[in-house]
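Peer 1: Got input_12.txt for you, compact mmCIF, C-alpha atoms:
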```txt
# COMPACT_ATOMS: atom_id res chain seq x y z
CA SER A 77 161.80 196.88 2.72
CA ILE A 78 164.52 199.06 4.17
CA LYS A 79 163.29 202.13 6.01
CA GLY A 80 165.54 205.12 6.30
CA TYR A 81 167.33 207.78 4.32
CA GLU A 82 169.28 206.99 1.17
CA ILE A 83 171.83 209.50 -0.10
CA ILE A 84 171.32 210.07 -3.81
CA ALA A 85 173.78 212.92 -4.25
CA GLY A 86 176.31 214.50 -1.92
CA GLU A 87 177.71 211.41 -0.21
CA ARG A 88 181.23 212.85 0.01
CA ARG A 89 179.91 216.04 1.60
CA PHE A 90 177.93 213.87 4.03
CA ARG A 91 181.03 211.90 5.04
CA ALA A 92 183.05 215.12 5.37
CA SER A 93 180.38 216.47 7.70
CA LYS A 94 180.62 213.31 9.82
CA LEU A 95 184.41 213.65 10.02
CA ALA A 96 184.00 217.31 11.01
CA GLY A 97 181.82 216.22 13.94
CA MET A 98 178.66 217.92 12.72
CA GLN A 99 175.46 216.65 14.35
CA THR A 100 173.10 217.94 11.64
CA ILE A 101 173.44 218.99 8.00
CA PRO A 102 171.17 221.00 5.67
CA ALA A 103 169.62 218.53 3.21
CA ILE A 104 166.82 218.22 0.68
CA VAL A 105 164.38 215.49 1.76
CA LYS A 106 162.28 214.09 -1.05
CA ASP A 107 160.69 210.86 -2.27
CA PHE A 108 162.05 209.61 -5.61
CA SER A 109 161.20 206.71 -7.85
CA ASP A 110 163.94 204.24 -8.76
CA GLU A 111 164.19 205.83 -12.22
CA GLU A 112 164.51 209.34 -10.79
CA MET A 113 167.21 208.14 -8.38
CA MET A 114 169.18 206.62 -11.26
CA GLN A 115 168.98 209.83 -13.29
CA ILE A 116 170.12 212.02 -10.42
CA ALA A 117 172.96 209.64 -9.55
CA LEU A 118 174.15 209.65 -13.18
CA LEU A 119 174.19 213.44 -13.30
CA GLU A 120 176.02 213.60 -9.98
CA ASN A 121 178.66 211.09 -11.06
CA LEU A 122 179.27 212.92 -14.33
CA GLN A 123 180.07 216.09 -12.45
CA ARG A 124 182.37 214.60 -9.84
CA GLU A 125 184.19 211.60 -11.32
CA ASN A 126 187.37 211.62 -13.40
CA LEU A 127 185.80 209.74 -16.30
CA THR A 128 187.45 208.75 -19.56
CA SER A 129 186.02 210.24 -22.76
CA ILE A 130 184.27 206.95 -23.59
CA GLU A 131 182.80 206.58 -20.09
CA GLU A 132 181.56 210.17 -20.28
CA ALA A 133 180.02 209.55 -23.72
CA LYS A 134 178.26 206.41 -22.48
CA ALA A 135 176.93 208.28 -19.46
CA TYR A 136 175.53 211.04 -21.71
CA LYS A 137 173.88 208.40 -23.90
CA SER A 138 172.37 206.66 -20.86
CA ILE A 139 170.95 209.89 -19.44
CA ILE A 140 169.48 211.00 -22.78
CA GLU A 141 167.79 207.64 -23.26
CA SER A 142 166.51 207.22 -19.70
CA MET A 143 165.25 210.80 -19.35
CA ASN A 144 164.11 211.09 -23.00
CA ILE A 145 165.69 214.51 -23.40
CA THR A 146 167.69 216.15 -26.17
CA GLN A 147 171.42 216.78 -26.26
CA ASP A 148 170.70 220.50 -25.92
CA GLU A 149 168.62 219.96 -22.77
CA LEU A 150 171.35 217.78 -21.26
CA ALA A 151 173.96 220.38 -22.15
CA LYS A 152 171.99 223.05 -20.27
CA ARG A 153 171.68 220.80 -17.22
CA MET A 154 175.41 220.05 -17.29
CA GLY A 155 176.49 223.63 -17.97
CA LYS A 156 178.18 222.59 -21.21
CA SER A 157 177.69 223.40 -24.90
CA GLN A 158 175.59 221.13 -27.11
CA SER A 159 178.58 220.61 -29.39
CA THR A 160 180.62 219.29 -26.45
CA ILE A 161 177.96 216.66 -25.73
CA ALA A 162 177.66 215.78 -29.43
CA ASN A 163 181.42 215.45 -29.93
CA LYS A 164 181.76 213.14 -26.92
CA MET A 165 178.90 210.92 -28.10
CA ARG A 166 180.37 210.69 -31.61
CA LEU A 167 183.23 208.70 -30.08
CA LEU A 168 180.79 205.82 -29.57
CA ALA A 169 180.73 205.41 -33.37
CA LEU A 170 184.34 204.19 -33.23
CA THR A 171 185.18 200.49 -33.30
CA ASN A 172 185.48 198.73 -29.97
CA GLU A 173 189.26 198.43 -30.40
CA VAL A 174 189.63 202.20 -30.78
CA GLN A 175 187.38 202.84 -27.80
CA VAL A 176 189.42 200.48 -25.62
CA ALA A 177 192.66 202.14 -26.75
CA LEU A 178 191.23 205.54 -25.85
CA MET A 179 190.05 204.32 -22.43
CA ASN A 180 193.53 202.91 -21.75
CA ASN A 181 195.23 206.18 -22.81
CA LEU A 182 197.03 204.52 -25.73
CA ILE A 183 195.67 207.31 -27.93
CA SER A 184 194.24 210.73 -27.18
CA GLU A 185 190.71 211.94 -27.81
CA ARG A 186 192.04 214.04 -30.70
CA HIS A 187 193.56 210.91 -32.26
CA ALA A 188 190.17 209.22 -31.89
CA ARG A 189 188.40 212.09 -33.63
CA CYS A 190 190.81 211.79 -36.53
CA LEU A 191 189.94 208.10 -36.81
CA LEU A 192 186.26 209.01 -37.16
CA GLN A 193 187.09 210.05 -40.71
CA ILE A 194 187.64 206.38 -41.61
CA LYS A 195 184.42 204.54 -42.40
CA ASP A 196 185.93 201.09 -42.93
CA GLU A 197 186.38 199.31 -39.58
CA ASP A 198 189.37 197.25 -40.70
CA LYS A 199 191.15 200.38 -41.95
CA GLN A 200 190.30 202.11 -38.69
CA LYS A 201 191.97 199.30 -36.73
CA GLU A 202 194.96 199.32 -39.10
CA VAL A 203 195.57 203.04 -38.60
CA LEU A 204 195.03 202.64 -34.85
CA ASN A 205 197.86 200.11 -34.71
CA LYS A 206 200.08 202.42 -36.78
CA ILE A 207 199.41 205.35 -34.41
CA ILE A 208 200.36 203.25 -31.40
CA SER A 209 203.36 201.44 -32.88
CA GLU A 210 204.87 204.56 -34.50
CA ARG A 211 203.77 206.93 -31.74
CA MET A 212 202.26 209.30 -34.28
CA ASN A 213 201.21 212.73 -33.06
CA VAL A 214 197.78 214.14 -33.87
CA ARG A 215 198.92 216.30 -36.80
CA ASP A 216 200.75 213.42 -38.50
CA THR A 217 197.77 211.14 -37.86
CA ASP A 218 195.33 213.60 -39.41
CA ASN A 219 197.58 214.16 -42.46
CA TYR A 220 198.11 210.43 -42.93
CA ILE A 221 194.35 209.73 -42.80
CA LYS A 222 193.53 212.60 -45.16
CA ASN A 223 196.12 211.39 -47.67
CA MET A 224 194.75 207.86 -47.41
CA LEU A 225 191.18 209.05 -48.01
CA GLY A 226 192.07 211.67 -50.61
CA ILE A 227 190.91 214.55 -48.42
CA PRO A 228 192.80 217.88 -48.88
CA ASN A 229 195.28 218.45 -46.06
CA ASN A 230 193.97 221.96 -45.43
CA THR A 231 190.56 220.53 -44.45
CA PRO A 232 189.90 221.34 -40.75
CA ALA A 233 190.23 218.47 -38.29
CA PRO A 234 186.91 216.70 -37.74
CA GLU A 235 184.63 218.10 -35.09
CA LEU A 236 180.91 217.95 -35.78
CA GLU A 237 181.27 216.90 -39.41
CA THR A 238 181.34 213.13 -40.00
CA HIS A 239 183.24 212.88 -43.33
CA GLY A 240 180.92 210.12 -44.42
CA VAL A 241 180.78 208.31 -41.09
CA GLU A 242 177.15 207.51 -40.34
CA LEU A 243 176.31 207.57 -36.65
CA PRO A 244 174.45 204.55 -35.24
CA LYS A 245 170.71 205.07 -34.89
CA GLU A 246 170.93 204.75 -31.11
CA LEU A 247 173.08 207.89 -31.01
CA VAL A 248 170.45 210.05 -32.68
CA THR A 249 169.02 212.48 -30.18
CA PRO A 250 165.33 211.82 -29.46
CA VAL A 251 162.96 214.73 -29.81
CA ALA A 252 161.36 215.65 -26.55
CA GLU A 253 159.38 218.50 -25.10
CA PRO A 254 161.49 220.82 -22.92
CA ILE A 255 161.40 219.75 -19.29
CA GLN A 256 160.12 222.41 -16.94
CA PRO A 257 162.38 222.86 -13.91
CA ALA A 258 160.95 221.43 -10.72
CA PRO A 259 160.17 223.81 -7.83
CA THR A 260 163.08 224.28 -5.45
CA PRO A 261 162.48 221.88 -2.55
CA GLU A 262 162.62 222.99 1.03
CA VAL A 263 165.88 222.43 2.88
CA SER A 264 165.75 220.64 6.23
CA ASN A 265 168.35 219.88 8.84
CA ILE A 266 169.05 216.13 8.95
CA ASN A 267 170.43 214.45 12.06
CA ILE A 268 173.55 212.55 11.00
CA GLU A 269 174.53 210.95 14.31
CA PRO A 270 173.53 207.34 13.38
CA GLU A 271 176.24 205.26 11.72
CA VAL A 272 176.04 204.81 7.94
CA THR A 273 175.72 201.21 6.79
CA LYS A 274 177.32 199.78 3.63
CA ASN A 275 174.19 200.53 1.61
CA ASN A 276 174.29 204.17 2.74
CA THR A 277 171.07 203.99 4.77
CA ILE A 278 170.31 205.52 8.16
CA GLU A 279 167.65 204.11 10.45
CA ASN A 280 165.21 207.03 10.28
CA PRO A 281 161.85 207.78 8.54
CA ASN A 282 161.17 206.17 5.16
CA VAL A 283 162.26 208.96 2.85
CA TYR A 284 165.10 209.51 0.42
CA THR A 285 167.51 212.37 0.91
CA GLN A 286 169.57 214.42 -1.45
CA THR A 287 172.03 216.86 0.08
CA ASN A 288 172.17 220.32 -1.34
CA ASN A 289 175.12 221.64 -3.31
CA LYS A 290 176.60 223.60 -0.47
CA ASP A 291 180.19 222.63 0.32
CA PHE A 292 181.09 222.01 3.89
```
Mind converting the file's structure to C-alpha cells?
Peer 2:
Amino acid sequence: SIKGYEIIAGERRFRASKLAGMQTIPAIVKDFSDEEMMQIALLENLQRENLTSIEEAKAYKSIIESMNITQDELAKRMGKSQSTIANKMRLLALTNEVQVALMNNLISERHARCLLQIKDEDKQKEVLNKIISERMNVRDTDNYIKNMLGIPNNTPAPELETHGVELPKELVTPVAEPIQPAPTPEVSNINIEPEVTKNNTIENPNVYTQTNNKDF
C-alpha cells in the first residue's frame, strides 16, 4: 500500500503554496475511510467546479445516497436553500434527450423546467426539438406547453410543483437522523517540500490530509 499524505480537499491551494515557494502550510491531518474521502471530495468539487445543472443534480443525488442524509441537511452543508437542491434534482426526471440538450447548452435550465410539465416522454422530446429549431424563448415555451396541456396561461412557471410529473423513486429524499457536526480537528503545519506525484501523494507518514479553507 502507498504510504504518505493524500490531498482530499484543497489541492489548488496546495499547488498555489508550492508555486509561492512556501515550505510548510497549515493543514488538517486526519485518517478517513474510502467512503468518507469520496463524500468530502464530492462536496469539495461541488463548491469549486463550473458544473452544468445536470452534473450538479447528479452530484447532489450521489451525496444524498452515499451519506444517507436529507435534502435539507445537504442544503445546510452547502449553504443553499432546500428548494434549490430540490429544483436541481427535479431535472433528473427529464428524458435523457432533454438532459443532454441542457448539458450542451442547447436549452436553458428554465426551458428544462418548463418541459417538466409534460408527462409524456415522446411529447417532451417533440417540444424539445421545437424549442431548439424555432429558438423559442422561455416565455413562449411555457405558453406553448400550457396551451398544449390545457393549463391556464396565468399559472406560475413550474418550480417545486410537478404538474402531474411523478419523480422517480430514487429521487425521493431518504429520511435520516440529523448528523451531528464533527469536532473541529487540530491544524498542523505540513512540510510541502517533497514533489507531488501524479496520484497526489507525498512520501511521508501514512495519514490522509485535508487542507483547511484558508486561502493563500
Peer 1: Please compute the atom CA of Gln200 of chain A-atom CA of Thr171 of chain A distance, one decimal, in Å.
Peer 2: 7.6 Å
Peer 1: Just give me the gap between atom CA of Arg186 of chain A and atom CA of Leu204 of chain A in Å, one decimal is fine.
Peer 2: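 Distance between the two atoms: 12.5 Å.
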Peer 1: What does the distance from atom CA of Thr128 of chain A to atom CA of Met179 of chain A come to in Å, to one decimal?
Peer 2: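 Computing it gives 5.9 Å between the two atoms.
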Peer 1: Could you pull out every residue with an atom within 8 Å of (166.6, 212.0, -21.5), file coordinates, counting all atoms listed in the file, and send them as a list in words?
Peer 2: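 Here is the list of nearby residues: Ser138, Ile139, Ile140, Glu141, Ser142, Met143, Asn144, Ile145, Thr146 and Leu150 of chain A.
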Peer 1: May I have the residues from that selection written out with C-alpha atoms, as a PDB file, in the frame of the given file?
Peer 2:
```
ATOM      1  CA  SER A 138     172.370 206.660 -20.860  1.00  0.00           C
ATOM      2  CA  ILE A 139     170.950 209.890 -19.440  1.00  0.00           C
ATOM      3  CA  ILE A 140     169.480 211.000 -22.780  1.00  0.00           C
ATOM      4  CA  GLU A 141     167.790 207.640 -23.260  1.00  0.00           C
ATOM      5  CA  SER A 142     166.510 207.220 -19.700  1.00  0.00           C
ATOM      6  CA  MET A 143     165.250 210.800 -19.350  1.00  0.00           C
ATOM      7  CA  ASN A 144     164.110 211.090 -23.000  1.00  0.00           C
ATOM      8  CA  ILE A 145     165.690 214.510 -23.400  1.00  0.00           C
ATOM      9  CA  THR A 146     167.690 216.150 -26.170  1.00  0.00           C
ATOM     10  CA  LEU A 150     171.350 217.780 -21.260  1.00  0.00           C
TER      11      LEU A 150
END
```
Peer 1: Could you tell me which of A:Met154, A:Ile161, A:Ala85, A:Ile207 comes closest to Val174 of chain A if we count all atoms listed in the file?
Peer 2: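 Using all atoms listed in the file, the shortest distance to Val174 of chain A belongs to A:Ile207.
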Peer 1: Find the residues around Asp110 of chain A up to 12 Å (all atoms listed in the file counted), leave out those fewer than 6 positions away in its own chain, and share them as number ranges by chain.
Peer 2: A: 82, 84, 116-117, 142, 284
Peer 1: Write out as a list of chain:residue names which residues come within 6 Å of segment 216-218 of chain A when counting only C-alpha atoms, dropping same-chain ones fewer than 3 positions away.
Peer 2: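 Once the adjacent positions are removed, what remains is A:Cys190, A:Asn213, A:Ile221.
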Peer 1: Could you pull the residues within 12 Å of Lys201 of chain A, counting all atoms listed in the file, minus those fewer than 6 positions along the same chain, as number ranges by chain?
Peer 2: A: 170-177, 188, 191-192, 194-195, 207-208
Peer 1: I need the residue nearest Gln193 of chain A from this list: A:Arg166, A:Arg89, A:Lys152, A:Lys222. Use all atoms listed in the file for the distance.
Peer 2: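 Smallest distance to Gln193 of chain A is found for A:Lys222.
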Peer 1: For Glu131 of chain A, which residue out of A:Leu118, A:Gly155, A:Glu112, A:Ile83 is the nearest one, using all atoms listed in the file?
Peer 2: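 Using all atoms listed in the file, Glu131 of chain A sits closest to A:Leu118.
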Peer 1: Between A:Met212, A:Leu225, A:Lys137, A:Leu178, which has the minimum distance to Lys199 of chain A (counting only C-alpha atoms)?
Peer 2: A:Leu225
Peer 1: When you look at Ala135 of chain A with a cut-off of 10 Å (counting all atoms listed in the file), what residues show up, excluding the ones that are within fewer than 5 positions of it in the same chain? I need them as number ranges by chain.
Peer 2: A: 118-119, 121-122, 127, 129-130, 140-141, 165
